[in-house]
file input14.tsv (TSV, C-alpha atoms)
chain	number	residue	atom	x	y	z
A	1	MET	CA	90.27	74.80	3.44
A	2	ALA	CA	92.01	72.54	5.94
A	3	ARG	CA	88.90	72.61	8.17
A	4	GLN	CA	86.70	71.49	5.24
A	5	ILE	CA	89.08	68.67	4.45
A	6	GLY	CA	88.96	67.65	8.11
A	7	TRP	CA	85.15	67.47	8.15
A	8	GLN	CA	85.13	65.43	4.96
A	9	ARG	CA	87.66	63.03	6.46
A	10	LEU	CA	85.55	62.73	9.62
A	11	HIS	CA	82.35	62.16	7.59
A	12	ARG	CA	84.03	59.42	5.60
A	13	GLN	CA	85.19	57.89	8.87
A	14	TRP	CA	81.58	57.83	10.22
A	15	GLN	CA	80.35	56.24	7.00
A	16	SER	CA	82.98	53.54	7.22
A	17	GLU	CA	82.16	52.83	10.86
A	18	GLY	CA	78.35	52.34	10.39
A	19	PHE	CA	74.96	54.08	10.28
A	20	SER	CA	74.39	57.46	11.83
A	21	LEU	CA	71.86	57.91	14.62
A	22	ILE	CA	69.45	59.66	12.28
A	23	GLU	CA	69.62	56.79	9.80
A	24	VAL	CA	68.94	54.24	12.54
A	25	LEU	CA	65.95	56.20	13.83
A	26	ALA	CA	64.56	56.52	10.30
A	27	SER	CA	64.90	52.77	9.77
A	28	VAL	CA	63.13	52.01	13.05
A	29	ILE	CA	60.24	54.29	12.12
A	30	ILE	CA	59.86	52.67	8.69
A	31	VAL	CA	59.87	49.17	10.17
A	32	ALA	CA	57.33	50.18	12.83
A	33	ILE	CA	54.98	51.62	10.19
A	34	ALA	CA	55.30	48.45	8.09
A	35	MET	CA	54.61	46.17	11.08
A	36	ALA	CA	51.58	48.23	12.07
A	37	ALA	CA	50.20	47.85	8.56
A	38	LEU	CA	50.83	44.07	8.52
A	39	ALA	CA	49.58	43.35	12.05
A	40	PRO	CA	45.87	42.95	11.15
A	41	ALA	CA	46.70	40.60	8.28
A	42	LEU	CA	49.04	38.51	10.44
A	43	THR	CA	46.45	38.33	13.20
A	44	LEU	CA	43.76	37.16	10.76
A	45	ILE	CA	46.11	34.50	9.35
A	46	ALA	CA	46.83	33.18	12.84
A	47	TYR	CA	43.11	33.18	13.70
A	48	ARG	CA	42.17	31.30	10.53
A	49	ARG	CA	44.87	28.73	11.22
A	50	ALA	CA	43.55	28.18	14.73
A	51	MET	CA	40.00	27.83	13.37
A	52	SER	CA	41.17	25.28	10.78
A	53	GLU	CA	42.80	23.25	13.53
A	54	ARG	CA	39.58	23.35	15.55
A	55	VAL	CA	37.57	22.11	12.56
A	56	GLU	CA	40.04	19.23	12.07
A	57	VAL	CA	39.73	18.27	15.74
A	58	ALA	CA	35.92	18.41	15.52
A	59	GLU	CA	35.91	16.17	12.43
A	60	ARG	CA	38.05	13.60	14.25
A	61	LEU	CA	35.66	13.69	17.22
A	62	VAL	CA	32.71	13.06	14.89
A	63	GLN	CA	34.42	9.98	13.46
A	64	ASP	CA	35.42	8.77	16.93
A	65	GLU	CA	31.80	9.00	18.10
A	66	VAL	CA	30.55	7.04	15.07
A	67	ASP	CA	33.23	4.36	15.62
A	68	ARG	CA	32.33	4.16	19.31
A	69	VAL	CA	28.67	3.44	18.58
A	70	ARG	CA	29.52	0.94	15.84
A	71	THR	CA	31.78	-0.91	18.26
A	72	ILE	CA	28.98	-1.13	20.83
A	73	VAL	CA	26.58	-2.57	18.25
A	74	ASP	CA	29.08	-5.02	16.70
A	75	LEU	CA	31.02	-6.22	19.74
A	76	GLU	CA	28.68	-5.83	22.71
A	77	VAL	CA	25.05	-6.01	21.65
A	78	ALA	CA	24.95	-8.58	18.85
A	79	PRO	CA	27.40	-11.21	20.22
A	80	ASN	CA	25.74	-11.34	23.62
A	81	PRO	CA	22.04	-10.54	23.23
A	82	ALA	CA	21.08	-12.40	26.40
A	83	ALA	CA	22.90	-9.76	28.43
A	84	TYR	CA	20.26	-7.25	27.39
A	85	ALA	CA	17.22	-9.37	28.06
A	86	ASP	CA	17.11	-7.80	31.51
A	87	PRO	CA	15.12	-4.52	31.33
A	88	ILE	CA	17.60	-2.71	33.60
A	89	LEU	CA	20.59	-3.60	31.42
A	90	ARG	CA	18.60	-2.72	28.33
A	91	ALA	CA	17.74	0.72	29.70
A	92	GLU	CA	21.37	1.29	30.63
A	93	LEU	CA	22.44	0.41	27.10
A	94	LEU	CA	19.94	2.71	25.45
A	95	GLU	CA	20.34	5.69	27.79
A	96	ASP	CA	24.05	5.65	28.57
A	97	ARG	CA	25.77	3.88	25.69
A	98	LEU	CA	23.74	4.56	22.55
A	99	PRO	CA	22.52	8.03	21.50
A	100	ARG	CA	18.94	8.93	22.34
A	101	VAL	CA	16.28	8.97	19.67
A	102	GLY	CA	16.18	12.35	17.92
A	103	GLU	CA	13.55	14.20	15.93
A	104	ASN	CA	12.04	12.92	12.72
A	105	PRO	CA	13.73	13.81	10.42
A	106	LEU	CA	17.03	13.86	12.27
A	107	GLU	CA	17.96	17.19	10.72
A	108	ASN	CA	15.27	18.78	12.93
A	109	THR	CA	16.96	17.66	16.16
A	110	PRO	CA	17.63	20.90	18.06
A	111	PRO	CA	21.11	22.01	19.18
A	112	PRO	CA	22.17	21.26	22.79
A	113	GLU	CA	20.83	23.55	25.49
A	114	ASN	CA	23.93	23.27	27.69
A	115	MET	CA	27.26	21.51	27.96
A	116	ASP	CA	26.48	19.13	30.79
A	117	SER	CA	23.27	17.22	30.04
A	118	GLY	CA	21.30	15.99	27.07
A	119	ALA	CA	17.58	16.10	26.45
A	120	ASN	CA	14.96	13.50	25.65
A	121	ASN	CA	15.95	13.51	21.98
A	122	TYR	CA	19.76	13.76	22.04
A	123	SER	CA	22.83	12.84	24.07
A	124	VAL	CA	25.70	15.16	25.04
A	125	ARG	CA	29.23	14.63	26.31
A	126	VAL	CA	32.29	16.86	26.63
A	127	ALA	CA	35.80	16.05	25.34
A	128	GLU	CA	38.93	17.95	26.38
A	129	ILE	CA	41.58	18.09	23.64
A	130	GLN	CA	45.22	19.07	24.12
A	131	LEU	CA	47.05	20.34	21.03
A	132	PRO	CA	50.84	20.88	21.01
A	133	GLY	CA	51.79	24.35	22.15
A	134	ARG	CA	48.25	25.36	23.10
A	135	ASN	CA	46.03	25.25	26.16
A	136	PRO	CA	43.47	22.42	26.40
A	137	GLU	CA	40.13	23.17	24.72
A	138	GLU	CA	36.71	21.62	25.33
A	139	TYR	CA	34.37	20.35	22.63
A	140	VAL	CA	30.72	19.38	23.06
A	141	ILE	CA	29.68	16.22	21.20
A	142	GLN	CA	25.95	15.96	20.48
A	143	SER	CA	24.63	12.64	19.14
A	144	PHE	CA	21.16	11.35	18.23
A	145	ARG	CA	19.60	8.56	16.18
A	146	THR	CA	16.46	7.05	14.74
A	147	ALA	CA	14.59	4.30	16.60
A	148	GLY	CA	15.98	1.81	14.08
A	149	SER	CA	15.42	-1.91	13.72
A	150	ASP	CA	15.65	-4.42	16.55
A	151	CYS	CA	18.56	-6.83	16.83
A	152	ILE	CA	18.05	-10.48	15.93
A	153	ASP	CA	19.48	-13.23	18.11
A	154	SER	CA	20.88	-15.50	15.38
A	155	ARG	CA	21.35	-18.42	17.78
A	156	ASN	CA	17.71	-18.50	18.78
A	157	ASN	CA	16.35	-16.86	15.64
A	158	ALA	CA	14.51	-14.36	17.83
A	159	VAL	CA	14.09	-10.60	17.85
A	160	ILE	CA	15.62	-8.71	20.78
A	161	GLU	CA	12.91	-6.14	21.26
A	162	GLY	CA	13.97	-2.65	22.21
A	163	VAL	CA	17.67	-3.10	21.36
A	164	PRO	CA	18.47	-1.64	17.92
A	165	CYS	CA	21.20	-3.00	15.65
A	166	SER	CA	20.41	-0.85	12.61
A	167	PHE	CA	19.66	2.86	12.73
A	168	ARG	CA	20.57	6.27	11.32
A	169	MET	CA	22.77	8.41	13.53
A	170	GLY	CA	23.63	12.11	13.66
A	171	VAL	CA	26.63	13.79	15.32
A	172	ARG	CA	27.41	17.48	15.83
A	173	VAL	CA	30.52	18.88	17.52
A	174	TYR	CA	30.51	22.39	18.99
A	175	HIS	CA	33.40	24.32	20.48
A	176	ARG	CA	33.39	25.49	24.10
A	177	PHE	CA	32.99	29.07	22.86
A	178	SER	CA	29.48	28.16	21.64
A	179	PHE	CA	28.40	28.20	25.29
A	180	ASP	CA	28.35	30.83	27.99
A	181	LYS	CA	31.57	30.94	30.00
A	182	ASP	CA	29.87	30.94	33.41
A	183	SER	CA	26.50	29.23	33.06
A	184	ARG	CA	27.61	26.73	30.37
A	185	GLN	CA	24.30	27.36	28.63
A	186	ALA	CA	24.17	27.50	24.83
A	187	LEU	CA	24.57	30.93	23.27
A	188	PRO	CA	21.27	32.43	22.07
A	189	GLY	CA	20.64	31.48	18.46
A	190	LEU	CA	22.88	28.39	18.44
A	191	ARG	CA	22.37	26.68	15.08
A	192	THR	CA	22.67	23.20	13.59
A	193	GLU	CA	24.22	23.74	10.15
A	194	LEU	CA	27.99	23.50	9.84
A	195	VAL	CA	30.39	26.41	9.92
A	196	SER	CA	31.65	26.98	6.39
A	197	ALA	CA	34.20	29.02	4.46
A	198	ASN	CA	31.39	31.46	3.68
A	199	GLN	CA	31.22	32.46	7.34
A	200	ASN	CA	33.32	35.39	8.48
A	201	LEU	CA	35.77	33.60	10.78
A	202	ALA	CA	36.72	36.87	12.44
A	203	ASN	CA	33.12	37.44	13.50
A	204	ALA	CA	31.86	36.29	16.89
A	205	ASP	CA	28.81	34.77	15.16
A	206	VAL	CA	31.02	31.92	13.95
A	207	TRP	CA	30.53	30.27	17.35
A	208	LEU	CA	26.80	29.92	16.62
A	209	PHE	CA	27.58	27.01	14.28
A	210	PRO	CA	28.93	23.48	14.94
A	211	MET	CA	32.54	22.91	13.89
A	212	ALA	CA	31.70	19.54	12.29
A	213	GLY	CA	28.82	17.11	11.88
A	214	SER	CA	27.61	14.01	10.05
A	215	LEU	CA	24.60	11.78	9.42
A	216	VAL	CA	25.53	8.10	8.99
A	217	GLU	CA	23.96	4.65	8.81
A	218	ILE	CA	24.80	2.23	11.61
A	219	ASN	CA	24.27	-1.42	10.69
A	220	LEU	CA	25.34	-4.64	12.35
A	221	ALA	CA	28.49	-5.95	10.68
A	222	ALA	CA	27.99	-9.12	8.64
A	223	ASN	CA	29.26	-12.32	10.28
A	224	LEU	CA	31.43	-14.90	8.52
A	225	GLY	CA	28.41	-16.98	7.53
A	226	ASP	CA	26.80	-14.02	5.78
A	227	VAL	CA	30.05	-13.26	3.95
A	228	CYS	CA	30.49	-16.88	2.87
A	229	ARG	CA	26.96	-17.18	1.53
A	230	SER	CA	27.17	-13.85	-0.30
A	231	ILE	CA	30.36	-14.99	-2.06
A	232	LEU	CA	28.95	-18.38	-3.06
A	233	ALA	CA	25.86	-16.66	-4.44
A	234	THR	CA	28.03	-14.92	-7.06
A	235	VAL	CA	30.05	-18.02	-8.08
A	236	GLN	CA	28.91	-20.48	-10.74
A	237	ASN	CA	29.11	-24.14	-9.72
A	238	PRO	CA	30.68	-23.51	-6.30
A	239	THR	CA	32.90	-26.31	-5.01
A	240	GLY	CA	32.43	-25.56	-1.32
A	241	ASN	CA	29.67	-24.71	1.09
A	242	CYS	CA	29.12	-22.69	4.23
A	243	ASP	CA	28.25	-25.54	6.57
A	244	ALA	CA	30.82	-24.24	9.04
A	245	PHE	CA	28.60	-21.16	9.43
A	246	PRO	CA	25.06	-22.56	9.53
A	247	LEU	CA	21.95	-20.45	9.57
A	248	PRO	CA	20.14	-20.31	12.91
A	249	LEU	CA	17.53	-23.01	13.31
A	250	PRO	CA	13.97	-21.75	13.16
A	251	SER	CA	12.02	-21.76	16.36
A	252	PRO	CA	9.63	-24.72	16.63
A	253	ILE	CA	6.03	-23.96	15.81
A	254	GLU	CA	3.72	-24.90	18.62
A	255	SER	CA	0.56	-26.67	17.61
A	256	PRO	CA	-2.63	-24.92	18.61
call {"tool": "encode", "arguments": {"input": "input14.tsv", "output": "structure tokens"}}
result
Amino acid sequence: MARQIGWQRLHRQWQSEGFSLIEVLASVIIVAIAMAALAPALTLIAYRRAMSERVEVAERLVQDEVDRVRTIVDLEVAPNPAAYADPILRAELLEDRLPRVGENPLENTPPPENMDSGANNYSVRVAEIQLPGRNPEEYVIQSFRTAGSDCIDSRNNAVIEGVPCSFRMGVRVYHRFSFDKDSRQALPGLRTELVSANQNLANADVWLFPMAGSLVEINLAANLGDVCRSILATVQNPTGNCDAFPLPLPSPIESP
């Protein structure tokens, strides 16, 4: 009887001091089973988050490319048309600064063949993006456009042939994983439509689609004279005029 009381006292002492070894091992096994069951779901969540971040980066790169081209047209080409009268400067502008002319319609412009060089109907450049807490990643920016309309030299009221100020432009942004790791050639079957929520993001085929893309209109920004005249055209009995922003004088007509 005394021995039984002693064991009961010892058991109560163990319970007051903490878990037994068997209880700890059982808890570890239960936690391990639960983590193993949750691991695939947690991995998929992390993968989808990374993909969402890549799509956001690609969308920003699309907008940056559109803004870059608009800046060239508004601030470089139109204000100083004489700089592009020289055929060499004009070729440099068209080949290196503005996108190359794509297919007609633009939607038929093929995807890039590799990361390093464009083709006759599109331009390609690579951007390296650093996100916090992650390694740098490369994105391939493909751009193309229609032939568009020539710029007009408002000072001389003359057309600047071969230098467009109004055109339609397309941009696609692909991730580095859309290209072979060693050769930098496009993966077989690379496509042009955007990756969407309908795609299985855990499938390797997701890299056969661009992360983002857009088709936009690029037009020369209106100058102050155009704005002034457009406002006065909507006002009854205007009290002012736009003499400070005169229209360009027409070129004199030579007599035959």
call {"tool": "residues_near_point", "arguments": {"input": "input14.tsv", "point": "(21.6, 30.5, 14.1)", "cutoff": "10 Å", "atoms": "all atoms listed in the file", "output": "list in words"}}
result
Pro111, Leu187, Pro188, Gly189, Leu190, Arg191, Thr192, Glu193, Asp205, Val206, Trp207, Leu208 and Phe209 of chain A
call {"tool": "residues_around", "arguments": {"input": "input14.tsv", "residues": "Met169 in chain A", "least_positions_apart": "2", "cutoff": "6 Å", "atoms": "only C-alpha atoms", "output": "list in words"}}
result
Phe144, Arg145, Leu215 and Val216 of chain A
call {"tool": "closest_residue", "arguments": {"input": "input14.tsv", "among": "A:Asp86, A:Glu217, A:Glu107, A:Glu137", "to": "Ser149 in chain A", "atoms": "all atoms listed in the file"}}
result
A:Glu217
call {"tool": "atom_distance", "arguments": {"input": "input14.tsv", "atom1": "CA of Ala119 in chain A", "atom2": "CA of Arg100 in chain A"}}
result
8.4 Å
call {"tool": "closest_residue", "arguments": {"input": "input14.tsv", "among": "A:Asn120, A:Glu65, A:Tyr139, A:Glu128", "to": "Phe177 in chain A", "atoms": "all atoms listed in the file"}}
result
A:Tyr139
call {"tool": "closest_residue", "arguments": {"input": "input14.tsv", "among": "A:Arg68, A:Gln142, A:His175, A:Val57", "to": "Gly102 in chain A", "atoms": "all atoms listed in the file"}}
result
A:Gln142
call {"tool": "closest_residue", "arguments": {"input": "input14.tsv", "among": "A:Val62, A:Val126, A:Ala147, A:Met115", "to": "Ala186 in chain A", "atoms": "only C-alpha atoms"}}
result
A:Met115
call {"tool": "atom_distance", "arguments": {"input": "input14.tsv", "atom1": "CA of Leu61 in chain A", "atom2": "CA of Val173 in chain A"}}
result
7.3 Å
call {"tool": "closest_residue", "arguments": {"input": "input14.tsv", "among": "A:Val171, A:Leu131, A:Ile33, A:Met211", "to": "Pro110 in chain A", "atoms": "all atoms listed in the file"}}
result
A:Val171
call {"tool": "atom_distance", "arguments": {"input": "input14.tsv", "atom1": "CA of Gly170 in chain A", "atom2": "CA of Arg70 in chain A"}}
result
12.8 Å
call {"tool": "closest_residue", "arguments": {"input": "input14.tsv", "among": "A:Ser123, A:Ser117, A:Asn219, A:Gln130", "to": "Ile72 in chain A", "atoms": "all atoms listed in the file"}}
result
A:Asn219
